[in-house]
>>> print(open('start35.cif').read())   # mmCIF, C-alpha atoms
data_input
loop_
_atom_site.group_PDB
_atom_site.id
_atom_site.type_symbol
_atom_site.label_atom_id
_atom_site.label_comp_id
_atom_site.auth_asym_id
_atom_site.auth_seq_id
_atom_site.Cartn_x
_atom_site.Cartn_y
_atom_site.Cartn_z
ATOM 1 C CA MET I 1 8.302 13.723 -11.200
ATOM 2 C CA THR I 2 7.257 10.185 -10.318
ATOM 3 C CA ALA I 3 10.871 9.249 -9.603
ATOM 4 C CA ALA I 4 11.487 12.200 -7.273
ATOM 5 C CA PRO I 5 9.838 10.666 -4.149
ATOM 6 C CA VAL I 6 11.773 7.449 -4.776
ATOM 7 C CA LEU I 7 15.012 9.436 -4.853
ATOM 8 C CA ALA I 8 13.971 11.213 -1.654
ATOM 9 C CA ASP I 9 13.331 7.947 0.171
ATOM 10 C CA ALA I 10 16.676 6.637 -1.074
ATOM 11 C CA GLY I 11 18.468 9.605 0.524
ATOM 12 C CA ALA I 12 19.222 11.544 -2.680
ATOM 13 C CA ALA I 13 17.357 14.626 -1.460
ATOM 14 C CA ASP I 14 19.185 17.179 -3.634
ATOM 15 C CA GLU I 15 18.634 15.123 -6.772
ATOM 16 C CA ALA I 16 14.961 14.591 -5.908
ATOM 17 C CA ALA I 17 14.349 18.303 -5.392
ATOM 18 C CA ALA I 18 16.273 19.281 -8.522
ATOM 19 C CA SER I 19 14.354 16.767 -10.656
ATOM 20 C CA ALA I 20 10.980 18.002 -9.454
ATOM 21 C CA VAL I 21 11.847 21.672 -9.926
ATOM 22 C CA ALA I 22 13.139 20.955 -13.445
ATOM 23 C CA VAL I 23 9.858 19.275 -14.397
ATOM 24 C CA VAL I 24 7.809 22.200 -13.065
ATOM 25 C CA HIS I 25 9.880 24.720 -15.022
ATOM 26 C CA GLU I 26 9.948 22.679 -18.223
ATOM 27 C CA ARG I 27 6.196 21.950 -18.308
ATOM 28 C CA PRO I 28 4.319 25.181 -17.642
ATOM 29 C CA GLY I 29 0.543 24.920 -17.733
ATOM 30 C CA SER I 30 0.385 21.590 -15.869
ATOM 31 C CA GLU I 31 0.031 23.090 -12.401
ATOM 32 C CA TYR I 32 -2.806 20.847 -11.227
ATOM 33 C CA GLU I 33 -0.846 17.777 -12.322
ATOM 34 C CA HIS I 34 2.264 19.009 -10.521
ATOM 35 C CA PHE I 35 0.558 20.014 -7.321
ATOM 36 C CA GLY I 36 -0.121 16.540 -5.931
ATOM 37 C CA TYR I 37 3.362 15.310 -6.782
ATOM 38 C CA LEU I 38 4.980 18.323 -5.141
ATOM 39 C CA LEU I 39 2.960 17.946 -1.954
ATOM 40 C CA TYR I 40 3.895 14.270 -1.716
ATOM 41 C CA LEU I 41 7.564 14.992 -2.404
ATOM 42 C CA HIS I 42 7.515 17.739 0.229
ATOM 43 C CA TYR I 43 6.186 15.182 2.724
ATOM 44 C CA CYS I 44 8.804 12.545 1.788
ATOM 45 C CA LEU I 45 11.675 14.991 2.187
ATOM 46 C CA ALA I 46 10.376 16.311 5.517
ATOM 47 C CA TRP I 47 9.804 12.791 6.846
ATOM 48 C CA ASN I 48 13.428 11.938 6.046
ATOM 49 C CA GLY I 49 14.640 15.064 7.834
ATOM 50 C CA GLN I 50 15.769 16.867 4.666
ATOM 51 C CA LEU I 51 14.219 20.173 5.699
ATOM 52 C CA ALA I 52 16.182 22.471 3.376
ATOM 53 C CA GLN I 53 15.122 20.516 0.306
ATOM 54 C CA ALA I 54 11.596 20.144 1.672
ATOM 55 C CA THR I 55 11.361 23.920 2.083
ATOM 56 C CA ARG I 56 12.513 24.380 -1.507
ATOM 57 C CA ILE I 57 9.758 22.083 -2.739
ATOM 58 C CA ALA I 58 7.246 23.786 -0.424
ATOM 59 C CA ASP I 59 8.101 27.108 -2.092
ATOM 60 C CA GLU I 60 7.649 25.532 -5.535
ATOM 61 C CA THR I 61 4.322 24.055 -4.417
ATOM 62 C CA ALA I 62 3.048 27.433 -3.236
ATOM 63 C CA ALA I 63 4.197 29.112 -6.451
ATOM 64 C CA SER I 64 2.600 26.372 -8.560
ATOM 65 C CA ALA I 65 -0.681 26.738 -6.667
ATOM 66 C CA ALA I 66 -0.639 30.521 -7.103
ATOM 67 C CA SER I 67 -0.290 30.144 -10.885
ATOM 68 C CA LEU I 68 -3.331 27.879 -11.230
ATOM 69 C CA PRO I 69 -6.090 29.181 -13.538
ATOM 70 C CA GLY I 70 -9.326 30.463 -12.037
ATOM 71 C CA SER I 71 -11.065 33.756 -11.277
ATOM 72 C CA ASP I 72 -14.298 35.076 -9.804
ATOM 73 C CA GLY I 73 -16.195 34.713 -13.085
ATOM 74 C CA ARG I 74 -17.225 38.357 -13.348
ATOM 75 C CA PHE I 75 -15.903 38.821 -16.903
ATOM 76 C CA HIS I 76 -18.136 36.218 -18.611
ATOM 77 C CA LEU I 77 -21.499 37.095 -20.108
ATOM 78 C CA ASN I 78 -22.674 33.474 -20.235
ATOM 79 C CA ALA I 79 -24.071 32.458 -16.828
ATOM 80 C CA THR I 80 -22.907 28.844 -17.103
ATOM 81 C CA VAL I 81 -19.370 29.816 -18.042
ATOM 82 C CA ARG I 82 -19.383 32.431 -15.287
ATOM 83 C CA ALA I 83 -20.421 29.794 -12.710
ATOM 84 C CA LEU I 84 -17.777 27.332 -13.896
ATOM 85 C CA ASP I 85 -15.078 30.000 -13.769
ATOM 86 C CA ARG I 86 -16.164 30.986 -10.260
ATOM 87 C CA GLN I 87 -15.902 27.344 -9.157
ATOM 88 C CA ALA I 88 -12.416 27.187 -10.655
ATOM 89 C CA GLY I 89 -11.504 30.261 -8.660
ATOM 90 C CA GLU I 90 -12.784 28.680 -5.440
ATOM 91 C CA LEU I 91 -10.801 25.526 -6.159
ATOM 92 C CA LYS I 92 -7.682 27.587 -6.784
ATOM 93 C CA ALA I 93 -8.149 29.415 -3.474
ATOM 94 C CA GLU I 94 -8.460 26.112 -1.599
ATOM 95 C CA THR I 95 -5.367 24.751 -3.344
ATOM 96 C CA VAL I 96 -3.316 27.838 -2.520
ATOM 97 C CA ALA I 97 -4.428 27.620 1.124
ATOM 98 C CA ILE I 98 -3.305 23.971 1.327
ATOM 99 C CA ALA I 99 0.085 24.837 -0.145
ATOM 100 C CA GLU I 100 0.584 27.782 2.181
ATOM 101 C CA ARG I 101 -0.355 25.773 5.270
ATOM 102 C CA ALA I 102 2.105 23.030 4.325
ATOM 103 C CA ARG I 103 4.836 25.608 3.747
ATOM 104 C CA GLU I 104 4.220 27.453 7.031
ATOM 105 C CA ARG I 105 4.177 24.243 9.073
ATOM 106 C CA LEU I 106 7.469 23.181 7.550
ATOM 107 C CA LEU I 107 9.075 26.567 8.226
ATOM 108 C CA GLU I 108 7.875 26.421 11.837
ATOM 109 C CA PHE I 109 9.352 22.938 12.187
ATOM 110 C CA ARG I 110 12.664 24.164 10.790
ATOM 111 C CA ARG I 111 12.752 27.048 13.282
ATOM 112 C CA GLN I 112 11.921 24.720 16.159
ATOM 113 C CA ALA I 113 14.598 22.184 15.162
ATOM 114 C CA ALA I 114 17.206 24.948 14.821
ATOM 115 C CA GLY I 115 16.285 26.419 18.213
ATOM 116 C CA GLU I 116 16.600 23.062 19.959
ATOM 117 C CA GLY I 117 19.766 22.058 18.102
ATOM 118 C CA VAL I 118 18.130 18.926 16.684
ATOM 119 C CA ASP I 119 19.525 17.212 13.590
ATOM 120 C CA PRO I 120 16.356 16.300 11.630
ATOM 121 C CA VAL I 121 18.175 13.783 9.424
ATOM 122 C CA GLU I 122 19.516 11.899 12.437
ATOM 123 C CA ALA I 123 16.121 12.096 14.167
ATOM 124 C CA ALA I 124 14.487 10.609 11.074
ATOM 125 C CA ALA I 125 17.123 7.858 10.956
ATOM 126 C CA ARG I 126 16.460 6.999 14.624
ATOM 127 C CA ARG I 127 12.736 6.906 13.921
ATOM 128 C CA ARG I 128 13.251 4.491 11.032
ATOM 129 C CA ARG I 129 15.534 2.282 13.133
ATOM 130 C CA GLY I 130 12.930 2.182 15.899
ATOM 131 C CA ALA I 131 10.191 1.243 13.451
ATOM 132 C CA ARG I 132 12.320 -1.556 12.041
ATOM 133 C CA LEU I 133 13.120 -2.921 15.492
ATOM 134 C CA ASP I 134 9.409 -2.962 16.325
ATOM 135 C CA ALA I 135 8.653 -4.691 13.027
ATOM 136 C CA ALA I 136 11.388 -7.284 13.643
ATOM 137 C CA ALA I 137 9.913 -8.100 17.054
ATOM 138 C CA GLU I 138 6.467 -8.472 15.482
ATOM 139 C CA ILE I 139 7.791 -10.738 12.728
ATOM 140 C CA ASP I 140 9.682 -12.956 15.199
ATOM 141 C CA GLY I 141 6.444 -13.510 17.092
ATOM 142 C CA HIS I 142 4.622 -15.023 14.100
ATOM 143 C CA GLN I 143 4.320 -18.580 12.860
ATOM 144 C CA PRO I 144 5.716 -19.510 9.434
ATOM 145 C CA TRP I 145 3.210 -19.179 6.586
ATOM 146 C CA PRO I 146 0.579 -20.613 6.234
ATOM 147 C CA ALA I 147 -0.743 -19.388 9.577
ATOM 148 C CA LEU I 148 -3.802 -17.450 10.671
ATOM 149 C CA VAL I 149 -3.518 -13.877 11.915
ATOM 150 C CA ASP I 150 -6.756 -12.592 13.464
ATOM 151 C CA ASP I 151 -8.642 -15.406 11.679
ATOM 152 C CA ARG I 152 -7.170 -14.331 8.331
ATOM 153 C CA LEU I 153 -4.844 -16.191 6.001
ATOM 154 C CA LEU I 154 -2.613 -14.393 3.518
ATOM 155 C CA TRP I 155 -3.237 -15.459 -0.082
ATOM 156 C CA TRP I 156 -1.602 -14.175 -3.269
ATOM 157 C CA PRO I 157 -3.962 -13.763 -6.264
ATOM 158 C CA CYS I 158 -2.525 -14.951 -9.575
ATOM 159 C CA ALA I 159 -1.314 -11.604 -10.965
ATOM 160 C CA GLU I 160 0.182 -10.471 -7.642
ATOM 161 C CA TYR I 161 1.804 -13.887 -7.146
ATOM 162 C CA GLY I 162 3.423 -13.606 -10.578
ATOM 163 C CA ARG I 163 4.890 -10.168 -9.785
ATOM 164 C CA LEU I 164 6.208 -11.451 -6.470
ATOM 165 C CA VAL I 165 7.925 -14.622 -7.639
ATOM 166 C CA ARG I 166 9.490 -12.868 -10.647
ATOM 167 C CA GLN I 167 11.173 -10.316 -8.419
ATOM 168 C CA VAL I 168 11.914 -12.214 -5.192
ATOM 169 C CA ALA I 169 14.004 -15.337 -5.693
ATOM 170 C CA GLY I 170 13.120 -18.234 -3.403
ATOM 171 C CA VAL I 171 9.728 -16.979 -2.244
ATOM 172 C CA ALA I 172 7.917 -19.515 -4.450
ATOM 173 C CA ASP I 173 9.405 -22.283 -2.289
ATOM 174 C CA ILE I 174 7.542 -20.824 0.686
ATOM 175 C CA LEU I 175 4.220 -20.129 -1.007
ATOM 176 C CA GLY I 176 4.105 -23.065 -3.423
ATOM 177 C CA SER I 177 4.892 -23.191 -7.115
ATOM 178 C CA PRO I 178 3.237 -22.824 -9.600
ATOM 179 C CA TRP I 179 0.383 -20.573 -8.502
ATOM 180 C CA ARG I 180 -2.154 -23.396 -8.495
ATOM 181 C CA GLU I 181 -0.012 -25.219 -5.957
ATOM 182 C CA HIS I 182 -0.169 -22.036 -3.860
ATOM 183 C CA THR I 183 -3.984 -22.074 -3.938
ATOM 184 C CA ALA I 184 -3.914 -25.787 -3.108
ATOM 185 C CA ARG I 185 -1.847 -25.080 0.002
ATOM 186 C CA VAL I 186 -4.291 -22.365 1.037
ATOM 187 C CA GLU I 187 -7.305 -24.643 0.561
ATOM 188 C CA SER I 188 -5.660 -27.540 2.407
ATOM 189 C CA PHE I 189 -4.633 -25.363 5.340
ATOM 190 C CA LEU I 190 -8.065 -23.785 5.708
ATOM 191 C CA ALA I 191 -9.790 -27.165 5.470
ATOM 192 C CA ALA I 192 -7.585 -28.357 8.329
ATOM 193 C CA VAL I 193 -8.134 -25.403 10.660
ATOM 194 C CA ALA I 194 -11.652 -24.089 9.899
ATOM 195 C CA PRO I 195 -14.234 -25.653 12.219
ATOM 196 C CA GLY I 196 -17.379 -27.043 10.663
ATOM 197 C CA THR I 197 -15.906 -27.804 7.236
ATOM 198 C CA ALA I 198 -15.175 -31.096 5.554
ATOM 199 C CA GLY I 199 -11.927 -32.556 6.873
ATOM 200 C CA ALA I 200 -11.594 -29.842 9.522
ATOM 201 C CA ALA I 201 -10.420 -30.343 13.055
ATOM 202 C CA PRO I 202 -13.281 -30.783 15.535
ATOM 203 C CA THR I 203 -14.616 -27.643 17.200
ATOM 204 C CA PRO I 204 -14.045 -27.580 20.981
ATOM 205 C CA ALA I 205 -17.216 -27.936 23.018
ATOM 206 C CA GLY I 206 -18.902 -24.661 23.867
ATOM 207 C CA THR I 207 -17.257 -22.660 21.082
ATOM 208 C CA GLY I 208 -18.850 -21.372 17.902
ATOM 209 C CA ALA I 209 -17.494 -21.846 14.420
ATOM 210 C CA ALA I 210 -14.760 -19.329 13.705
ATOM 211 C CA GLN I 211 -15.014 -17.060 10.682
ATOM 212 C CA VAL I 212 -11.959 -17.524 8.494
ATOM 213 C CA LEU I 213 -11.149 -14.882 5.885
ATOM 214 C CA LEU I 214 -8.673 -14.561 3.070
ATOM 215 C CA ALA I 215 -6.410 -11.504 3.042
ATOM 216 C CA HIS I 216 -5.633 -10.780 -0.614
ATOM 217 C CA ALA I 217 -1.958 -9.800 -0.893
ATOM 218 C CA ASP I 218 -1.004 -6.784 -2.967
ATOM 219 C CA PHE I 219 2.544 -6.563 -4.356
ATOM 220 C CA ALA I 220 2.820 -2.770 -4.076
ATOM 221 C CA LYS I 221 1.732 -2.882 -0.437
ATOM 222 C CA PHE I 222 4.199 -5.705 0.199
ATOM 223 C CA VAL I 223 7.053 -3.635 -1.240
ATOM 224 C CA ALA I 224 6.036 -0.679 0.938
ATOM 225 C CA TYR I 225 5.929 -2.999 3.962
ATOM 226 C CA LEU I 226 9.446 -4.278 3.205
ATOM 227 C CA GLU I 227 10.785 -0.736 2.777
ATOM 228 C CA ARG I 228 9.256 0.324 6.072
ATOM 229 C CA THR I 229 10.393 -2.699 8.077
ATOM 230 C CA GLY I 230 13.603 -3.751 6.329
ATOM 231 C CA ALA I 231 12.308 -7.339 6.449
ATOM 232 C CA ASP I 232 13.639 -10.201 4.332
ATOM 233 C CA PRO I 233 10.815 -11.216 1.939
ATOM 234 C CA ARG I 234 12.199 -14.744 1.713
ATOM 235 C CA LEU I 235 11.351 -15.501 5.358
ATOM 236 C CA SER I 236 8.130 -17.428 5.833
ATOM 237 C CA THR I 237 7.355 -15.491 9.025
ATOM 238 C CA VAL I 238 7.440 -12.235 7.021
ATOM 239 C CA GLN I 239 4.626 -13.526 4.824
ATOM 240 C CA THR I 240 2.555 -14.194 7.944
ATOM 241 C CA ALA I 241 3.392 -10.842 9.546
ATOM 242 C CA PHE I 242 2.309 -9.059 6.361
ATOM 243 C CA THR I 243 -1.239 -10.448 6.729
ATOM 244 C CA ARG I 244 -2.439 -7.473 8.812
ATOM 245 C CA HIS I 245 -1.067 -5.048 6.193
ATOM 246 C CA ALA I 246 -2.310 -6.819 3.034
ATOM 247 C CA GLY I 247 -5.551 -4.914 3.049
ATOM 248 C CA ALA I 248 -7.701 -6.019 0.146
ATOM 249 C CA GLY I 249 -10.178 -8.242 2.007
ATOM 250 C CA TYR I 250 -12.342 -10.988 0.553
ATOM 251 C CA ALA I 251 -13.833 -10.703 -2.947
ATOM 252 C CA TYR I 252 -16.657 -13.219 -2.407
ATOM 253 C CA PRO I 253 -18.686 -14.157 0.713
ATOM 254 C CA ALA I 254 -16.531 -13.330 3.741
ATOM 255 C CA ARG I 255 -16.852 -16.666 5.522
ATOM 256 C CA TRP I 256 -14.638 -19.496 4.297
ATOM 257 C CA PRO I 257 -15.478 -21.749 2.557
ATOM 258 C CA PRO I 258 -17.973 -20.242 0.147
ATOM 259 C CA GLY I 259 -21.101 -22.216 -0.557
ATOM 260 C CA LYS I 260 -20.642 -25.014 -3.054
ATOM 261 C CA ARG I 261 -22.514 -23.113 -5.748
ATOM 262 C CA TYR I 262 -20.740 -19.793 -5.086
ATOM 263 C CA PRO I 263 -17.855 -18.666 -7.312
ATOM 264 C CA CYS I 264 -14.597 -20.145 -6.062
ATOM 265 C CA TRP I 265 -12.489 -17.891 -3.847
ATOM 266 C CA CYS I 266 -9.439 -18.303 -6.140
ATOM 267 C CA GLY I 267 -11.018 -16.196 -8.899
ATOM 268 C CA SER I 268 -11.294 -18.966 -11.499
ATOM 269 C CA GLN I 269 -14.980 -18.044 -12.164
ATOM 270 C CA LYS I 270 -15.884 -21.709 -11.596
ATOM 271 C CA LYS I 271 -18.246 -22.886 -8.881
ATOM 272 C CA TYR I 272 -16.429 -23.658 -5.636
ATOM 273 C CA GLN I 273 -17.530 -27.318 -5.700
ATOM 274 C CA ARG I 274 -15.959 -27.729 -9.170
ATOM 275 C CA CYS I 275 -12.724 -25.911 -8.349
ATOM 276 C CA CYS I 276 -10.855 -25.604 -5.048
ATOM 277 C CA GLY I 277 -13.730 -27.243 -3.120
ATOM 278 C CA ALA I 278 -13.751 -30.386 -5.275
ATOM 279 C CA PRO I 279 -12.551 -33.601 -3.593
ATOM 280 C CA ALA I 280 -8.834 -34.022 -4.175
ATOM 281 C CA SER I 281 -9.285 -37.577 -5.419
ATOM 282 C CA THR I 282 -11.432 -36.428 -8.350
ATOM 283 C CA SER I 283 -10.257 -32.907 -9.065
ATOM 284 C CA ASN I 284 -6.476 -32.828 -8.947
ATOM 285 C CA GLY I 285 -6.123 -34.107 -12.457
ATOM 286 C CA ARG I 286 -8.116 -31.252 -13.981
ATOM 287 C CA ARG I 287 -7.950 -28.499 -11.358
ATOM 288 C CA TRP I 288 -4.239 -27.682 -11.723
ATOM 289 C CA LEU I 289 -3.993 -27.852 -15.514
#
>>> encode(input="start35.cif", output="structure tokens")
Amino acid sequence: MTAAPVLADAGAADEAAASAVAVVHERPGSEYEHFGYLLYLHYCLAWNGQLAQATRIADETAASAASLPGSDGRFHLNATVRALDRQAGELKAETVAIAERARERLLEFRRQAAGEGVDPVEAAARRRRGARLDAAAEIDGHQPWPALVDDRLLWWPCAEYGRLVRQVAGVADILGSPWREHTARVESFLAAVAPGTAGAAPTPAGTGAAQVLLAHADFAKFVAYLERTGADPRLSTVQTAFTRHAGAGYAYPARWPPGKRYPCWCGSQKKYQRCCGAPASTSNGRRWL
């Protein structure tokens, strides 16, 4: 069931639908578990223009919702059990309504596409090509990493960095290797561009100190970004362009750098002044061990 949306996005719509239907039929009694997967698969197939397969999954979703347990609670003597059963019935009714709405909207879309002579698969392909062209233009407009985007710098936490460099050859050359060299590059860059910090460039007269944030990169979001844009993950400009899509925000105080006695931004659990904020002349020997 988990693999079915992946197959749908890869263009194997028939295989995706068949896999999902087989799971539903082979595992009766797991309707609530199936429901979310089926709705998502229905969306993936429709988005890719595979309306026949999407309709098949929509029918399975509606049937799965209709078979969910739940009643009005009238047949229980115990008041608590009766209330719980009534709540289950209300939840079932809401679930069935969601499934039916999704099915009806898809059927209406199929009728509309047939009436206008539109090929949904080709329309979806054009939409994807347009999105990739827009993404390519955005990527070309960015500086190579490290570079600020909306006063944010992309940074890869240790676990996410490990997943990235294991699966994308050459990206460590862009970000720095090993991971501690990556954090060193981040610290050095921010110290050079953040006004009001030690070693920073002077702030122009009449301007306030800018707030610089770290955008924590997430590998799963990066993969989704690459699938959506068709970008080459080995390009330094792609790392910069991904900054707006990284999402996770800043785990410690938002303004960089943290106070000297705050936990270091890199997640080491050490004080900032004894980790990434330590003078390079005294800390390099112990910080990167």
>>> resolve_selection(input="start35.cif", expression="the PyMOL selection byres ((chain I and resi 140) around 12)", output="tab-separated table (two decimals) with C-alpha atoms, keeping the file's coordinate frame")
chain	number	residue	atom	x	y	z
I	133	LEU	CA	13.12	-2.92	15.49
I	134	ASP	CA	9.41	-2.96	16.32
I	135	ALA	CA	8.65	-4.69	13.03
I	136	ALA	CA	11.39	-7.28	13.64
I	137	ALA	CA	9.91	-8.10	17.05
I	138	GLU	CA	6.47	-8.47	15.48
I	139	ILE	CA	7.79	-10.74	12.73
I	141	GLY	CA	6.44	-13.51	17.09
I	142	HIS	CA	4.62	-15.02	14.10
I	143	GLN	CA	4.32	-18.58	12.86
I	144	PRO	CA	5.72	-19.51	9.43
I	231	ALA	CA	12.31	-7.34	6.45
I	232	ASP	CA	13.64	-10.20	4.33
I	235	LEU	CA	11.35	-15.50	5.36
I	236	SER	CA	8.13	-17.43	5.83
I	237	THR	CA	7.36	-15.49	9.02
I	238	VAL	CA	7.44	-12.24	7.02
I	239	GLN	CA	4.63	-13.53	4.82
I	240	THR	CA	2.56	-14.19	7.94
I	241	ALA	CA	3.39	-10.84	9.55
>>> closest_residue(input="start35.cif", among="I:Tyr32, I:Phe189, I:Tyr37, I:Phe242", to="Val212 (chain I)", atoms="only C-alpha atoms")
I:Phe189
>>> closest_residue(input="start35.cif", among="I:Arg261, I:Lys271, I:Arg228, I:His245", to="Arg152 (chain I)", atoms="only C-alpha atoms")
I:His245
>>> closest_residue(input="start35.cif", among="I:Gln112, I:Ser188, I:Gln167, I:Thr243", to="Leu148 (chain I)", atoms="all atoms listed in the file")
I:Thr243
>>> atom_distance(input="start35.cif", atom1="CA of Pro233 (chain I)", atom2="CA of Val171 (chain I)")
7.2 Å
>>> residues_around(input="start35.cif", residues="Leu38 (chain I)", least_positions_apart="4", cutoff="7 Å", atoms="all atoms listed in the file", output="list in words")
His34, His42, Ile57 and Thr61 of chain I
>>> write_last_selection(input="start35.cif", atoms="C-alpha atoms", output="CSV table (one decimal), keeping the file's coordinate frame")
chain,number,residue,atom,x,y,z
I,34,HIS,CA,2.3,19.0,-10.5
I,42,HIS,CA,7.5,17.7,0.2
I,57,ILE,CA,9.8,22.1,-2.7
I,61,THR,CA,4.3,24.1,-4.4
>>> closest_residue(input="start35.cif", among="I:Gly130, I:Pro28, I:Pro146, I:Pro5", to="Ala192 (chain I)", atoms="only C-alpha atoms")
I:Pro146
>>> atom_distance(input="start35.cif", atom1="CA of Arg234 (chain I)", atom2="CA of Arg127 (chain I)")
24.9 Å
>>> atom_distance(input="start35.cif", atom1="CA of His216 (chain I)", atom2="CA of Gly267 (chain I)")
11.3 Å
>>> closest_residue(input="start35.cif", among="I:Ala58, I:Ala66, I:Gln50, I:Leu84", to="Arg101 (chain I)", atoms="all atoms listed in the file")
I:Ala58
>>> closest_residue(input="start35.cif", among="I:Leu77, I:Ala147, I:Ala246, I:Val186", to="Glu160 (chain I)", atoms="all atoms listed in the file")
I:Ala246
>>> resolve_selection(input="start35.cif", expression="the PyMOL selection byres ((chain I and resi 263) around 12)", output="ChimeraX atom specification")
/I:251-253,257-262,264-277
>>> write_last_selection(input="start35.cif", atoms="C-alpha atoms", output="compact mmCIF listing (two decimals), in the coordinates of the input")
# COMPACT_ATOMS: atom_id res chain seq x y z
CA ALA I 251 -13.83 -10.70 -2.95
CA TYR I 252 -16.66 -13.22 -2.41
CA PRO I 253 -18.69 -14.16 0.71
CA PRO I 257 -15.48 -21.75 2.56
CA PRO I 258 -17.97 -20.24 0.15
CA GLY I 259 -21.10 -22.22 -0.56
CA LYS I 260 -20.64 -25.01 -3.05
CA ARG I 261 -22.51 -23.11 -5.75
CA TYR I 262 -20.74 -19.79 -5.09
CA CYS I 264 -14.60 -20.14 -6.06
CA TRP I 265 -12.49 -17.89 -3.85
CA CYS I 266 -9.44 -18.30 -6.14
CA GLY I 267 -11.02 -16.20 -8.90
CA SER I 268 -11.29 -18.97 -11.50
CA GLN I 269 -14.98 -18.04 -12.16
CA LYS I 270 -15.88 -21.71 -11.60
CA LYS I 271 -18.25 -22.89 -8.88
CA TYR I 272 -16.43 -23.66 -5.64
CA GLN I 273 -17.53 -27.32 -5.70
CA ARG I 274 -15.96 -27.73 -9.17
CA CYS I 275 -12.72 -25.91 -8.35
CA CYS I 276 -10.86 -25.60 -5.05
CA GLY I 277 -13.73 -27.24 -3.12
>>> residues_near_point(input="start35.cif", point="(14.7, 24.0, 0.2)", cutoff="12 Å", atoms="only C-alpha atoms", output="ChimeraX atom specification")
/I:13-18,20-21,41-42,45-46,49-61,103,106-107,110
>>> resolve_selection(input="start35.cif", expression="the PyMOL selection byres ((chain I and resi 168) around 12)", output="JSON, numbers by chain")
{"I": [161, 162, 163, 164, 165, 166, 167, 169, 170, 171, 172, 173, 174, 175, 219, 222, 223, 226, 232, 233, 234, 235]}
>>> axis_aligned_box(input="start35.cif", around="region 13-16 of chain I", padding_each_side="4 Å", output="AutoDock Vina command-line options")
--center_x 17.1 --center_y 15.9 --center_z -4.1 --size_x 12.2 --size_y 10.6 --size_z 13.3
